[in-house]
file target-v5.cif (mmCIF, C-alpha atoms)
data_model
loop_
_atom_site.label_atom_id
_atom_site.label_comp_id
_atom_site.auth_asym_id
_atom_site.auth_seq_id
_atom_site.Cartn_x
_atom_site.Cartn_y
_atom_site.Cartn_z
CA MET A 1 11.42 -29.54 0.87
CA SER A 2 9.82 -31.16 3.92
CA ILE A 3 6.16 -31.10 4.90
CA SER A 4 7.39 -29.32 8.06
CA LEU A 5 7.78 -26.27 5.82
CA VAL A 6 4.25 -25.48 7.05
CA SER A 7 3.69 -26.69 10.61
CA ASN A 8 0.80 -26.08 12.95
CA PRO A 9 -0.20 -27.80 16.24
CA TYR A 10 -3.85 -28.04 15.18
CA LEU A 11 -2.92 -29.90 11.99
CA ASP A 12 -0.58 -32.22 13.91
CA GLU A 13 -3.16 -33.08 16.57
CA ALA A 14 -6.01 -33.57 14.10
CA SER A 15 -3.80 -35.72 11.84
CA ALA A 16 -3.02 -38.07 14.74
CA LYS A 17 -6.74 -38.60 15.36
CA ILE A 18 -7.55 -39.07 11.67
CA ARG A 19 -4.90 -41.80 11.25
CA SER A 20 -6.79 -44.00 13.70
CA LYS A 21 -10.30 -43.41 12.32
CA PRO A 22 -11.89 -46.21 10.27
CA VAL A 23 -12.67 -45.53 6.58
CA PRO A 24 -15.23 -47.75 4.72
CA TRP A 25 -12.76 -49.12 2.19
CA GLU A 26 -14.75 -52.34 1.61
CA GLY A 27 -17.80 -50.22 0.82
CA TYR A 28 -15.81 -48.36 -1.82
CA GLN A 29 -14.80 -51.69 -3.35
CA ARG A 30 -18.41 -52.91 -3.43
CA ALA A 31 -19.38 -49.62 -5.11
CA GLY A 32 -16.76 -50.20 -7.79
CA LEU A 33 -14.63 -47.25 -6.67
CA LEU A 34 -11.77 -49.41 -5.49
CA THR A 35 -10.17 -52.46 -7.10
CA SER A 36 -9.18 -55.51 -5.06
CA GLU A 37 -5.52 -54.68 -5.66
CA GLU A 38 -6.03 -51.12 -4.45
CA LEU A 39 -7.91 -52.39 -1.39
CA SER A 40 -5.06 -54.73 -0.59
CA LEU A 41 -2.54 -51.87 -0.73
CA ILE A 42 -4.75 -49.70 1.46
CA LYS A 43 -5.21 -52.42 4.08
CA ARG A 44 -1.47 -52.71 4.49
CA VAL A 45 -1.21 -49.08 5.66
CA ASP A 46 -4.66 -48.28 7.10
CA ARG A 47 -4.44 -47.60 10.87
CA GLN A 48 -0.96 -49.09 11.04
CA PRO A 49 1.92 -47.72 13.10
CA ARG A 50 3.82 -45.05 11.19
CA ALA A 51 7.05 -47.03 11.47
CA LYS A 52 5.43 -49.99 9.71
CA VAL A 53 3.98 -47.74 6.99
CA GLU A 54 7.37 -46.14 6.52
CA SER A 55 9.00 -49.52 6.01
CA LEU A 56 6.50 -50.26 3.23
CA LEU A 57 7.20 -46.93 1.55
CA VAL A 58 10.91 -47.67 1.41
CA THR A 59 10.21 -50.20 -1.38
CA SER A 60 6.74 -49.16 -2.61
CA ALA A 61 6.67 -45.35 -2.43
CA GLN A 62 5.80 -44.91 -6.11
CA SER A 63 2.87 -47.33 -5.94
CA TYR A 64 1.44 -45.59 -2.91
CA ALA A 65 1.97 -42.10 -4.34
CA GLN A 66 -0.05 -43.07 -7.41
CA LEU A 67 -2.70 -44.79 -5.32
CA TYR A 68 -3.18 -41.89 -2.91
CA LEU A 69 -3.51 -39.37 -5.74
CA LYS A 70 -5.92 -41.54 -7.76
CA LEU A 71 -8.16 -41.98 -4.73
CA LEU A 72 -7.96 -38.31 -3.83
CA LYS A 73 -9.19 -37.53 -7.33
CA LYS A 74 -12.20 -39.88 -7.40
CA LEU A 75 -13.43 -40.04 -3.78
CA ALA A 76 -15.40 -37.26 -2.14
CA ARG A 77 -16.34 -38.14 1.45
CA VAL A 78 -14.75 -35.73 3.88
CA ASP A 79 -13.40 -38.40 6.24
CA THR A 80 -11.79 -40.20 3.30
CA LEU A 81 -10.24 -37.00 1.95
CA GLN A 82 -8.88 -36.24 5.40
CA TRP A 83 -7.25 -39.67 5.65
CA LEU A 84 -5.72 -39.43 2.18
CA LEU A 85 -4.31 -35.98 2.87
CA VAL A 86 -2.79 -37.20 6.12
CA VAL A 87 -1.07 -40.20 4.53
CA ILE A 88 0.21 -38.06 1.64
CA ALA A 89 1.72 -35.64 4.15
CA ASP A 90 3.16 -38.56 6.12
CA ALA A 91 4.80 -39.94 2.98
CA LEU A 92 6.43 -36.58 2.29
CA ALA A 93 7.51 -35.85 5.88
CA ASP A 94 11.32 -35.72 6.02
CA HIS A 95 11.54 -37.37 2.59
CA GLU A 96 12.29 -34.78 -0.07
CA GLU A 97 13.33 -37.57 -2.41
CA ARG A 98 9.66 -38.58 -2.67
CA LEU A 99 8.48 -35.21 -3.94
CA PRO A 100 9.10 -36.12 -7.61
CA LEU A 101 6.84 -39.16 -7.20
CA PHE A 102 3.93 -36.78 -6.61
CA ILE A 103 5.00 -33.90 -8.82
CA LYS A 104 5.58 -36.18 -11.84
CA ALA A 105 2.11 -37.73 -11.53
CA VAL A 106 1.16 -35.31 -14.32
CA GLU A 107 3.00 -37.65 -16.69
CA TRP A 108 0.30 -40.33 -16.30
CA ASP A 109 -2.67 -38.08 -15.50
CA PRO A 110 -2.71 -34.39 -16.54
CA GLU A 111 -5.00 -33.50 -13.62
CA LEU A 112 -2.57 -34.78 -11.04
CA PRO A 113 -1.29 -33.94 -8.57
CA TYR A 114 -2.89 -30.50 -8.29
CA ALA A 115 -6.52 -30.68 -9.42
CA PRO A 116 -7.79 -32.79 -6.48
CA LEU A 117 -5.74 -30.76 -4.01
CA LEU A 118 -7.19 -27.52 -5.36
CA ARG A 119 -10.70 -28.97 -5.10
CA ALA A 120 -9.97 -29.84 -1.48
CA LEU A 121 -9.34 -26.13 -0.84
CA ASP A 122 -12.99 -25.44 -1.65
CA THR A 123 -14.45 -27.81 0.95
CA ASN A 124 -16.23 -26.49 4.02
CA ASP A 125 -14.13 -28.70 6.28
CA GLU A 126 -11.37 -26.65 7.86
CA PHE A 127 -8.90 -29.49 8.33
CA THR A 128 -9.27 -30.65 4.73
CA GLN A 129 -8.72 -27.13 3.45
CA LEU A 130 -5.65 -26.45 5.58
CA LYS A 131 -4.06 -29.87 5.07
CA ALA A 132 -4.48 -29.49 1.30
CA ALA A 133 -2.88 -26.04 1.54
CA GLN A 134 0.05 -27.52 3.46
CA ILE A 135 0.66 -30.20 0.81
CA LEU A 136 0.17 -27.78 -2.08
CA THR A 137 2.77 -25.45 -0.61
CA VAL A 138 5.36 -28.21 -0.34
CA LEU A 139 4.74 -29.49 -3.87
CA LEU A 140 4.56 -26.06 -5.53
CA SER A 141 7.69 -24.89 -3.73
CA SER A 142 9.53 -27.85 -5.22
CA GLU A 143 8.30 -27.52 -8.80
CA PRO A 144 11.30 -27.29 -11.13
CA SER A 145 9.46 -25.17 -13.71
CA THR A 146 7.40 -21.98 -13.56
CA LEU A 147 4.02 -22.50 -11.91
CA PRO A 148 1.16 -22.20 -14.43
CA PRO A 149 -1.51 -19.57 -13.63
CA GLU A 150 -4.33 -22.13 -13.63
CA ILE A 151 -2.69 -23.80 -10.62
CA LEU A 152 -1.20 -20.78 -8.86
CA ALA A 153 -4.17 -18.40 -9.16
CA PRO A 154 -6.79 -20.48 -7.28
CA PHE A 155 -4.34 -21.21 -4.48
CA VAL A 156 -3.42 -17.53 -4.11
CA ASN A 157 -7.14 -16.70 -4.13
CA THR A 158 -7.72 -19.10 -1.25
CA LEU A 159 -4.82 -17.66 0.75
CA THR A 160 -6.14 -14.17 0.06
CA SER A 161 -9.58 -15.09 1.38
CA ILE A 162 -8.15 -16.63 4.55
CA ILE A 163 -5.75 -13.78 5.29
CA GLN A 164 -8.37 -11.13 4.54
CA THR A 165 -11.14 -12.65 6.66
CA SER A 166 -9.39 -14.53 9.47
CA ASN A 167 -8.73 -12.96 12.82
CA THR A 168 -7.50 -13.93 16.26
CA ASN A 169 -10.62 -16.10 16.67
CA ASN A 170 -9.25 -18.44 13.99
CA ILE A 171 -5.54 -18.27 14.50
CA ASN A 172 -4.96 -21.73 12.98
CA LYS A 173 -6.26 -20.75 9.55
CA LEU A 174 -4.34 -17.49 9.64
CA ASP A 175 -1.14 -19.19 10.79
CA VAL A 176 -1.25 -21.83 8.06
CA ALA A 177 -2.13 -19.32 5.33
CA VAL A 178 0.71 -16.96 6.26
CA GLN A 179 3.19 -19.85 6.44
CA CYS A 180 2.08 -21.05 3.00
CA LEU A 181 2.54 -17.56 1.58
CA GLU A 182 5.88 -17.14 3.31
CA SER A 183 7.14 -20.37 1.73
CA LEU A 184 5.83 -19.66 -1.77
CA LEU A 185 7.08 -16.07 -2.03
CA THR A 186 10.58 -17.37 -2.66
CA ARG A 187 9.37 -17.84 -6.26
CA THR A 188 9.29 -14.86 -8.62
CA GLU A 189 5.99 -15.86 -10.25
CA VAL A 190 4.33 -16.05 -6.84
CA ARG A 191 5.61 -12.59 -5.90
CA SER A 192 4.12 -11.22 -9.12
CA ALA A 193 0.79 -12.99 -8.53
CA VAL A 194 0.54 -11.75 -4.94
CA TRP A 195 1.36 -8.18 -5.98
CA GLU A 196 -1.72 -8.26 -8.20
CA LYS A 197 -3.89 -9.12 -5.17
CA PRO A 198 -4.30 -5.93 -3.11
CA LYS A 199 -6.50 -7.67 -0.55
CA ILE A 200 -3.80 -10.12 0.49
CA LEU A 201 -1.26 -7.33 1.04
CA SER A 202 -3.71 -5.08 2.89
CA GLY A 203 -4.63 -8.14 4.96
CA LEU A 204 -0.99 -8.63 5.92
CA VAL A 205 -0.73 -4.96 6.93
CA ASP A 206 -3.88 -5.33 9.05
CA ILE A 207 -2.32 -8.32 10.81
CA LEU A 208 0.70 -6.20 11.80
CA LYS A 209 -1.59 -3.41 12.99
CA SER A 210 -3.45 -5.84 15.27
CA ASN A 211 -0.48 -6.28 17.64
CA PRO A 212 0.28 -9.92 16.79
CA GLY A 213 2.75 -12.05 18.72
CA PRO A 214 6.44 -12.20 17.81
CA GLN A 215 6.12 -15.29 15.59
CA MET A 216 3.29 -13.88 13.48
CA SER A 217 5.08 -10.52 13.26
CA TYR A 218 8.16 -12.33 12.00
CA GLN A 219 6.24 -14.43 9.47
CA VAL A 220 4.37 -11.45 8.01
CA GLY A 221 7.58 -9.42 8.01
CA PHE A 222 9.26 -12.27 6.15
CA CYS A 223 6.53 -12.07 3.51
CA PHE A 224 7.21 -8.36 3.02
CA TRP A 225 10.95 -8.99 2.87
CA LEU A 226 10.53 -11.57 0.11
CA ILE A 227 8.06 -9.60 -1.99
CA THR A 228 10.18 -6.42 -1.86
CA PHE A 229 12.93 -8.18 -3.80
CA GLU A 230 10.83 -7.26 -6.84
CA PRO A 231 11.81 -3.71 -7.97
CA ARG A 232 8.26 -2.92 -9.09
CA VAL A 233 6.98 -3.85 -5.64
CA ALA A 234 9.71 -1.91 -3.83
CA GLU A 235 8.83 1.19 -5.84
CA ASN A 236 5.11 1.13 -5.06
CA ILE A 237 4.38 -0.82 -1.89
CA ASN A 238 4.72 2.04 0.59
CA ALA A 239 2.63 4.42 -1.52
CA LYS A 240 -0.14 1.81 -1.71
CA TYR A 241 0.01 0.18 1.73
CA ASP A 242 1.94 2.61 3.96
CA ILE A 243 4.13 -0.19 5.28
CA ILE A 244 7.14 1.87 6.41
CA PRO A 245 5.44 3.39 9.49
CA VAL A 246 3.84 0.03 10.32
CA LEU A 247 7.09 -1.92 10.05
CA THR A 248 8.92 0.77 12.03
CA ASP A 249 6.42 0.45 14.88
CA ILE A 250 6.78 -3.35 14.81
CA ALA A 251 10.58 -3.15 14.99
CA GLN A 252 10.61 -0.50 17.72
CA SER A 253 8.33 -2.56 19.95
CA ALA A 254 9.86 -5.97 19.15
CA VAL A 255 11.46 -8.05 21.88
CA LYS A 256 12.68 -10.79 19.54
CA GLU A 257 15.82 -10.17 17.52
CA LYS A 258 14.45 -12.04 14.50
CA VAL A 259 11.54 -9.59 14.19
CA ILE A 260 13.91 -6.61 14.06
CA ARG A 261 16.17 -8.50 11.67
CA VAL A 262 13.45 -9.15 9.09
CA VAL A 263 12.16 -5.56 9.26
CA ILE A 264 15.66 -4.15 8.75
CA ALA A 265 16.20 -6.54 5.83
CA THR A 266 12.94 -5.33 4.28
CA PHE A 267 14.03 -1.71 4.68
CA ARG A 268 17.31 -2.54 2.97
CA ASN A 269 15.36 -3.90 0.00
CA LEU A 270 13.28 -0.73 -0.15
CA VAL A 271 16.30 1.58 0.00
CA SER A 272 18.50 -0.37 -2.40
CA ARG A 273 15.78 -0.93 -5.01
CA ALA A 274 13.70 2.23 -4.77
CA PRO A 275 15.37 4.99 -2.72
CA THR A 276 13.44 7.88 -4.29
CA GLN A 277 10.09 6.33 -3.42
CA ASN A 278 10.94 5.23 0.11
CA LEU A 279 13.49 7.56 1.71
CA PRO A 280 10.99 10.42 2.32
CA ALA A 281 8.75 8.15 4.41
CA MET A 282 11.79 6.85 6.30
CA PHE A 283 12.76 10.42 7.13
CA VAL A 284 9.30 11.20 8.49
CA VAL A 285 9.19 8.13 10.78
CA LYS A 286 12.67 9.10 12.08
CA LEU A 287 14.18 5.82 10.98
CA LEU A 288 17.77 7.08 11.09
CA PRO A 289 17.87 7.67 14.88
CA PHE A 290 16.36 4.22 15.39
CA VAL A 291 18.93 2.61 13.09
CA ARG A 292 21.75 4.41 14.92
CA ASN A 293 20.38 3.05 18.16
CA LEU A 294 20.37 -0.46 16.68
CA ALA A 295 23.96 -0.01 15.50
CA ALA A 296 25.04 0.45 19.10
CA ARG A 297 23.58 -2.90 20.18
CA LYS A 298 25.22 -6.31 20.16
CA TRP A 299 23.81 -8.77 17.61
CA SER A 300 24.23 -12.50 17.19
CA ASP A 301 23.64 -12.41 13.43
CA ASP A 302 26.27 -11.00 11.06
CA GLU A 303 23.66 -10.31 8.36
CA VAL A 304 21.63 -7.97 10.54
CA ILE A 305 24.84 -6.11 11.44
CA GLU A 306 25.56 -5.65 7.74
CA ASP A 307 21.98 -4.51 7.01
CA ILE A 308 22.04 -2.01 9.89
CA GLN A 309 25.37 -0.62 8.69
CA TYR A 310 24.02 -0.30 5.15
CA LEU A 311 20.92 1.57 6.29
CA ASN A 312 22.94 3.78 8.61
CA GLU A 313 25.25 4.82 5.78
CA GLU A 314 22.50 5.30 3.18
CA LEU A 315 20.13 7.21 5.44
CA SER A 316 22.93 9.39 6.82
CA ALA A 317 24.16 10.26 3.34
CA HIS A 318 20.69 11.19 2.19
CA PHE A 319 19.42 13.02 5.27
CA GLN A 320 22.48 14.98 6.44
CA ASP A 321 22.23 17.63 3.70
CA LEU A 322 18.45 18.05 3.73
CA THR A 323 17.25 21.64 3.87
CA THR A 324 14.14 22.48 5.83
CA TYR A 325 12.27 22.62 2.52
CA ASP A 326 13.56 19.14 1.65
CA GLN A 327 12.28 17.95 5.01
CA TYR A 328 8.89 19.49 4.31
CA THR A 329 8.57 17.92 0.85
CA SER A 330 9.61 14.57 2.35
CA GLU A 331 6.62 14.83 4.67
CA LEU A 332 4.34 15.68 1.76
CA SER A 333 5.68 12.80 -0.28
CA SER A 334 5.21 10.34 2.58
CA GLY A 335 1.63 11.41 3.21
CA HIS A 336 2.38 11.64 6.94
CA LEU A 337 2.26 15.27 8.00
CA ILE A 338 3.24 15.82 11.64
CA TRP A 339 3.78 18.88 13.78
CA SER A 340 7.47 19.18 12.92
CA PRO A 341 9.00 22.64 13.48
CA VAL A 342 8.67 23.82 9.86
CA HIS A 343 4.88 24.07 10.00
CA ASP A 344 4.81 26.80 12.62
CA SER A 345 7.97 28.57 11.47
CA GLU A 346 7.19 31.99 10.05
CA ALA A 347 10.73 32.14 8.64
CA PHE A 348 10.18 28.85 6.81
CA TRP A 349 6.94 29.96 5.17
CA SER A 350 8.24 33.40 4.33
CA GLU A 351 11.21 31.82 2.56
CA ASN A 352 9.55 28.76 1.00
CA ALA A 353 5.84 29.38 0.36
CA MET A 354 6.48 30.44 -3.24
CA LYS A 355 8.44 27.22 -3.88
CA LEU A 356 5.18 25.29 -3.64
CA ASN A 357 4.24 26.90 -6.96
CA GLU A 358 7.21 25.44 -8.83
CA SER A 359 6.82 22.68 -11.45
CA ASP A 360 3.18 23.55 -12.08
CA TYR A 361 2.34 23.68 -8.35
CA HIS A 362 3.54 20.10 -7.85
CA GLN A 363 4.08 20.31 -4.08
CA LEU A 364 0.99 22.44 -3.51
CA LYS A 365 -1.09 19.88 -5.37
CA ALA A 366 0.38 17.19 -3.11
CA LEU A 367 -0.74 19.23 -0.10
CA VAL A 368 -4.23 19.67 -1.54
CA LYS A 369 -4.42 15.93 -2.29
CA LEU A 370 -3.74 15.18 1.38
CA LEU A 371 -6.35 17.74 2.36
CA ASN A 372 -8.91 15.93 0.18
CA GLU A 373 -7.97 12.31 0.80
CA ALA A 374 -6.45 11.98 4.29
CA THR A 375 -8.55 10.47 7.08
CA ASP A 376 -6.06 10.86 9.94
CA PRO A 377 -7.11 13.94 11.98
CA LEU A 378 -3.45 14.82 12.60
CA VAL A 379 -2.67 14.90 8.88
CA LEU A 380 -5.81 16.94 8.18
CA ALA A 381 -5.03 19.44 10.94
CA VAL A 382 -1.49 20.00 9.69
CA ALA A 383 -2.57 20.14 6.04
CA VAL A 384 -5.32 22.70 6.56
CA HIS A 385 -2.93 24.75 8.73
CA ASP A 386 -0.35 24.68 5.92
CA VAL A 387 -2.92 25.91 3.42
CA GLY A 388 -3.48 28.92 5.66
CA GLN A 389 0.26 29.52 5.92
CA TYR A 390 0.64 29.28 2.14
CA VAL A 391 -2.17 31.80 1.59
CA ARG A 392 -0.66 34.14 4.15
CA HIS A 393 2.81 34.18 2.59
CA CYS A 394 2.19 33.73 -1.12
CA ASP A 395 1.02 36.40 -3.53
CA ARG A 396 -2.17 35.24 -5.25
CA GLY A 397 -2.24 32.34 -2.84
CA LYS A 398 -5.98 32.63 -2.28
CA ARG A 399 -6.76 32.51 -5.97
CA VAL A 400 -4.50 29.51 -6.53
CA ILE A 401 -6.10 27.60 -3.65
CA GLU A 402 -9.54 28.37 -5.00
CA ASP A 403 -8.53 27.34 -8.52
CA LEU A 404 -7.32 23.99 -7.15
CA GLY A 405 -10.68 23.42 -5.47
CA ALA A 406 -9.21 23.43 -1.97
CA LYS A 407 -11.17 26.36 -0.56
CA ARG A 408 -14.38 24.34 -0.41
CA ARG A 409 -12.58 21.51 1.39
CA VAL A 410 -11.07 23.90 3.96
CA MET A 411 -14.54 25.24 4.69
CA GLU A 412 -15.93 21.71 5.05
CA LEU A 413 -13.31 20.94 7.67
CA MET A 414 -14.72 23.66 9.95
CA SER A 415 -17.36 21.08 10.90
CA HIS A 416 -15.00 18.13 11.29
CA ASP A 417 -15.42 15.87 14.33
CA ASN A 418 -11.89 16.57 15.56
CA PRO A 419 -11.61 19.88 17.48
CA ASP A 420 -8.04 20.59 16.33
CA VAL A 421 -9.00 20.10 12.69
CA ARG A 422 -11.97 22.47 13.19
CA TYR A 423 -9.76 25.10 14.86
CA ARG A 424 -7.07 24.98 12.16
CA ALA A 425 -9.71 25.12 9.43
CA ILE A 426 -11.34 28.21 10.98
CA ILE A 427 -7.98 30.02 11.06
CA SER A 428 -7.30 29.12 7.43
CA VAL A 429 -10.78 30.20 6.31
CA GLN A 430 -10.22 33.58 7.96
CA ARG A 431 -7.10 33.94 5.82
CA LEU A 432 -8.88 32.72 2.69
CA VAL A 433 -11.81 35.14 2.94
CA GLY A 434 -9.83 38.18 4.16
CA GLY A 435 -9.80 41.31 2.03
CA SER A 436 -6.19 41.23 0.91
CA TRP A 437 -4.71 38.65 -1.45
CA ARG A 438 -1.72 38.50 0.88
CA ARG A 439 -2.43 38.59 4.53
#
call {"tool": "encode", "arguments": {"input": "target-v5.cif", "output": "structure tokens"}}
result
Amino acid sequence: MSISLVSNPYLDEASAKIRSKPVPWEGYQRAGLLTSEELSLIKRVDRQPRAKVESLLVTSAQSYAQLYLKLLKKLARVDTLQWLLVVIADALADHEERLPLFIKAVEWDPELPYAPLLRALDTNDEFTQLKAAQILTVLLSSEPSTLPPEILAPFVNTLTSIIQTSNTNNINKLDVAVQCLESLLTRTEVRSAVWEKPKILSGLVDILKSNPGPQMSYQVGFCFWLITFEPRVAENINAKYDIIPVLTDIAQSAVKEKVIRVVIATFRNLVSRAPTQNLPAMFVVKLLPFVRNLAARKWSDDEVIEDIQYLNEELSAHFQDLTTYDQYTSELSSGHLIWSPVHDSEAFWSENAMKLNESDYHQLKALVKLLNEATDPLVLAVAVHDVGQYVRHCDRGKRVIEDLGAKRRVMELMSHDNPDVRYRAIISVQRLVGGSWRR
């Protein structure tokens, strides 16, 4: 597991400058923070060409691993921490065989290697924070045993904070944090820890909604692909974060094949692990026509061809026999009501309005929930229109709507900012307050 697992131009450029900066090592020795032996080891690598340092590590890697970690633990000056983080990363670059030298430091000091690296995450210096995150990601990804919560939790908290608060004005922090997450999500315990952090997942969705470049779209998509391997996540992620429409938009506008590939792979996870929870939303966003379009293209990757074929078969099998009522309930289940033909079809409402009462008004309650909770004017306009259609075609419809508390909400929407919502609400109120229970 190479340090290049997390790469960023800012870190590379800053590291090159830090290697050549002087550090007051003699002052540390005079202060009793450095032994003469430790000073001698440091002098052999301080501001030396990387080729020379590498030749020393060939025979003395263990000594330097222990030295770097000991100093990282007991020294606090920012410039010194920066230098130590750079030389640790240099030692690990392209040398996976050295990872155990750092990981097994716990055998001679229980706080190593992670305690000083986690403390470095809390500094105000951006380079120190990001370089520590880079090294932590490489070490944690290589741990042979399950990561303990006391190590994993603070790192996930830091990544959450960065992803939640960073924007295009600080693309370096965002880039490093997403790469760290992308690398760590290969581990089951990390997927579970991240699922318990709503802010990190909502932050990832917000990144996709901000029209990022192809690389960031791919990296965030890769995070969603990895986390949806967990059945619990696949069952609930769209209901909580509405990712199916967002990922569909990303794939439809993508110019890079790898972006489409990772979105399609994510959809395969969602369908294979939780079809009941995810197929309705896929129907509403018209995923099947898009997948059929993808199937007609030429692809350089056999895996994406297989994933497209899988989705094409699964979606076709599920959607081909849908009745108009099935289509309507799919919309309700997805939370994305649109002006599909069923909403204005008098034949549909005449035939199906009473079905909303089945199973203790399950579907009607779903409609009322959207009426109460939706913020999208389109969803509100369609929902309040449907309430009027239900009242018009269902015996006792007015009384049921009033019993569910929806009448008050319909009346509130007559003063909504959106003119279409206001218009639809006025029509529905006329039906709700009319003299006949069926009108």
call {"tool": "resolve_selection", "arguments": {"input": "target-v5.cif", "expression": "the PyMOL selection byres ((chain A and resi 335-341) around 7)", "output": "list of chain:residue names"}}
result
A:Glu331, A:Leu332, A:Ser333, A:Ser334, A:Val342, A:His343, A:Asp344, A:Ser345, A:Leu370, A:Leu378, A:Val379, A:Val382
call {"tool": "resolve_selection", "arguments": {"input": "target-v5.cif", "expression": "the PyMOL selection byres ((chain A and resi 87) around 12)", "output": "VMD selection string"}}
result
chain A and resid 3 15 to 16 18 to 20 42 45 to 50 53 to 54 57 61 64 to 65 67 to 69 71 to 72 80 to 86 88 to 93 131 to 132 135
call {"tool": "residues_around", "arguments": {"input": "target-v5.cif", "residues": "region 155-172 of chain A", "least_positions_apart": "6", "cutoff": "7 Å", "atoms": "only C-alpha atoms", "output": "MDAnalysis selection string"}}
result
chainID A and resid 10 118 199:200 203
call {"tool": "atom_distance", "arguments": {"input": "target-v5.cif", "atom1": "CA of Asp386 (chain A)", "atom2": "CA of Tyr325 (chain A)"}}
result
13.2 Å
call {"tool": "resolve_selection", "arguments": {"input": "target-v5.cif", "expression": "the PyMOL selection byres ((chain A and resi 421) around 10)", "output": "list in words"}}
result
Pro377, Leu378, Val379, Leu380, Ala381, Val382, Ala383, Val384, His385, Val410, Leu413, Met414, Ser415, His416, Asp417, Asn418, Pro419, Asp420, Arg422, Tyr423, Arg424, Ala425 and Ile426 of chain A
call {"tool": "residues_around", "arguments": {"input": "target-v5.cif", "residues": "region 399-401 of chain A", "least_positions_apart": "2", "cutoff": "10 Å", "atoms": "all atoms listed in the file", "output": "PDB file with C-alpha atoms, in the coordinates of the input"}}
result
ATOM      1  CA  ASN A 357       4.240  26.900  -6.960  1.00  0.00           C
ATOM      2  CA  TYR A 361       2.340  23.680  -8.350  1.00  0.00           C
ATOM      3  CA  LEU A 364       0.990  22.440  -3.510  1.00  0.00           C
ATOM      4  CA  LYS A 365      -1.090  19.880  -5.370  1.00  0.00           C
ATOM      5  CA  VAL A 368      -4.230  19.670  -1.540  1.00  0.00           C
ATOM      6  CA  VAL A 387      -2.920  25.910   3.420  1.00  0.00           C
ATOM      7  CA  GLY A 388      -3.480  28.920   5.660  1.00  0.00           C
ATOM      8  CA  TYR A 390       0.640  29.280   2.140  1.00  0.00           C
ATOM      9  CA  VAL A 391      -2.170  31.800   1.590  1.00  0.00           C
ATOM     10  CA  CYS A 394       2.190  33.730  -1.120  1.00  0.00           C
ATOM     11  CA  ASP A 395       1.020  36.400  -3.530  1.00  0.00           C
ATOM     12  CA  ARG A 396      -2.170  35.240  -5.250  1.00  0.00           C
ATOM     13  CA  GLY A 397      -2.240  32.340  -2.840  1.00  0.00           C
ATOM     14  CA  ASP A 403      -8.530  27.340  -8.520  1.00  0.00           C
ATOM     15  CA  LEU A 404      -7.320  23.990  -7.150  1.00  0.00           C
ATOM     16  CA  GLY A 405     -10.680  23.420  -5.470  1.00  0.00           C
ATOM     17  CA  ALA A 406      -9.210  23.430  -1.970  1.00  0.00           C
ATOM     18  CA  LYS A 407     -11.170  26.360  -0.560  1.00  0.00           C
ATOM     19  CA  ARG A 408     -14.380  24.340  -0.410  1.00  0.00           C
ATOM     20  CA  VAL A 410     -11.070  23.900   3.960  1.00  0.00           C
ATOM     21  CA  LEU A 432      -8.880  32.720   2.690  1.00  0.00           C
ATOM     22  CA  TRP A 437      -4.710  38.650  -1.450  1.00  0.00           C
TER      23      TRP A 437
END
